[in-house]
Amino acid sequence: MKLNRILSIALALFIMLPVMTFAQQKDMTLEEWESAMSTLKTKKESLIKEVAALKSDVEGLKTTLKGLESYEDCIKSVYQLVGATKDDVDNFRNAVRELEGKIRRKEGPKADRIKDLDALKKNPISALPEFFTKVHVDLPKLLEEWVEESSDMSYTVVKGDHLWGIARKKEHYGNGFAWPKIYNANRDKIKNPDLIYPKQEFKIPPLTPEEKDKYDRLKKNYKPAPTQ
């Protein structure tokens, strides 16, 4: 109702103002007045049709609006396309933020961050517009720009050495059970882990947190055979 009233007032003002202005500027003859009124009548009819069309459009928009889903329902529909709930998406968002922070801070090893990103890529939630560019474009680019400096130590074998003893050295792993790490890193030089020779140069790569936990558990649970 308010819209109809506003349109009616606007229409009346549009029609009357030109006539009043023109009449004030000049004494009009009967013929001039009739001509002006005829022109305004034509404009009035045209404006009435436009108002009717606008009313029809407004009603159509109201009908369309009633049929639209709420924002929350639209979001739920989108999440359903990737088989996820709001909680799933919230958790994924947190995982993306956490991984981005680790990559930007270069919290290595880099190989672990690559695995973390691969896991995010495989998640269907990564296809949502909110995450797609970040997960499939931005984070891979950051990883490509991350140049990981080698932290491998080197060790020259001396007479009497063995892989267990080298791994047990405090400056290396402090744990003889970690000897396979040295063996696997130097397979090009070690044909038999029981046979190493003086002056051989071995790489001593750092243990990952998972490897350290593994070998620490082996050391803790080890029980030497009873002596006779």
# chains A, B, ... in the order shown; residues from 1 in each chain; ligands from 1
$ select_by_dssp --residues "stretch 57-172 of chain A" --states "alpha helix (DSSP H)" --output "PyMOL selection string"
chain A and resi 57-67+71-81+86-104+110-122+129-133+139-145+163-168
$ residues_around --residues "A:Phe202" --least-positions-apart "3" --cutoff "7 Å" --atoms "only C-alpha atoms" --output "list in words"
Ser154, Tyr155, Thr156 and Asn186 of chain A
$ write_last_selection --atoms "N, CA and C atoms" --output "PDB file, in the first residue's frame"
ATOM      1  N   SER A 154      77.598 -35.974   8.494  1.00  0.00           N
ATOM      2  CA  SER A 154      78.450 -36.974   7.844  1.00  0.00           C
ATOM      3  C   SER A 154      79.361 -37.597   8.898  1.00  0.00           C
ATOM      4  N   TYR A 155      79.740 -38.838   8.640  1.00  0.00           N
ATOM      5  CA  TYR A 155      80.588 -39.560   9.596  1.00  0.00           C
ATOM      6  C   TYR A 155      81.566 -40.441   8.827  1.00  0.00           C
ATOM      7  N   THR A 156      82.833 -40.424   9.238  1.00  0.00           N
ATOM      8  CA  THR A 156      83.864 -41.257   8.636  1.00  0.00           C
ATOM      9  C   THR A 156      84.091 -42.484   9.516  1.00  0.00           C
ATOM     10  N   ASN A 186      72.497 -44.955   3.172  1.00  0.00           N
ATOM     11  CA  ASN A 186      73.808 -45.196   2.539  1.00  0.00           C
ATOM     12  C   ASN A 186      73.844 -46.543   1.823  1.00  0.00           C
TER      13      ASN A 186
END
$ closest_residue --among "A:Lys122, A:Lys159, A:Lys199, A:Arg113" --to "A:Pro140" --atoms "only C-alpha atoms"
A:Arg113
$ residues_around --residues "A:Leu81" --least-positions-apart "3" --cutoff "12 Å" --atoms "only C-alpha atoms" --output "list in words"
Cys74, Ile75, Lys76, Ser77, Val78, Ala84, Thr85, Pro124, Ile125, Ser126, Ala127 and Leu128 of chain A
$ write_last_selection --atoms "N, CA and C atoms" --output "mmCIF file, in the first residue's frame"
data_model
loop_
_atom_site.group_PDB
_atom_site.id
_atom_site.type_symbol
_atom_site.label_atom_id
_atom_site.label_comp_id
_atom_site.auth_asym_id
_atom_site.auth_seq_id
_atom_site.Cartn_x
_atom_site.Cartn_y
_atom_site.Cartn_z
ATOM 1 N N CYS A 74 20.788 -22.921 1.844
ATOM 2 C CA CYS A 74 21.644 -22.968 0.655
ATOM 3 C C CYS A 74 23.015 -23.548 0.996
ATOM 4 N N ILE A 75 23.577 -23.097 2.129
ATOM 5 C CA ILE A 75 24.890 -23.590 2.555
ATOM 6 C C ILE A 75 24.820 -25.089 2.836
ATOM 7 N N LYS A 76 23.758 -25.536 3.501
ATOM 8 C CA LYS A 76 23.608 -26.963 3.786
ATOM 9 C C LYS A 76 23.531 -27.772 2.488
ATOM 10 N N SER A 77 22.838 -27.232 1.492
ATOM 11 C CA SER A 77 22.715 -27.923 0.208
ATOM 12 C C SER A 77 24.071 -28.062 -0.463
ATOM 13 N N VAL A 78 24.869 -26.996 -0.385
ATOM 14 C CA VAL A 78 26.212 -27.038 -0.979
ATOM 15 C C VAL A 78 27.080 -28.070 -0.257
ATOM 16 N N ALA A 84 29.354 -33.524 3.284
ATOM 17 C CA ALA A 84 29.928 -32.972 4.515
ATOM 18 C C ALA A 84 28.870 -32.234 5.327
ATOM 19 N N THR A 85 29.159 -32.119 6.618
ATOM 20 C CA THR A 85 28.330 -31.320 7.504
ATOM 21 C C THR A 85 29.062 -30.013 7.826
ATOM 22 N N PRO A 124 36.958 -34.365 -0.466
ATOM 23 C CA PRO A 124 35.998 -33.692 -1.360
ATOM 24 C C PRO A 124 35.679 -32.262 -0.948
ATOM 25 N N ILE A 125 35.844 -31.943 0.335
ATOM 26 C CA ILE A 125 35.549 -30.586 0.806
ATOM 27 C C ILE A 125 36.460 -29.571 0.121
ATOM 28 N N SER A 126 37.639 -30.000 -0.325
ATOM 29 C CA SER A 126 38.567 -29.075 -0.980
ATOM 30 C C SER A 126 38.015 -28.531 -2.284
ATOM 31 N N ALA A 127 36.957 -29.157 -2.809
ATOM 32 C CA ALA A 127 36.345 -28.676 -4.054
ATOM 33 C C ALA A 127 35.428 -27.481 -3.833
ATOM 34 N N LEU A 128 35.082 -27.187 -2.582
ATOM 35 C CA LEU A 128 34.231 -26.027 -2.302
ATOM 36 C C LEU A 128 34.975 -24.746 -2.680
#
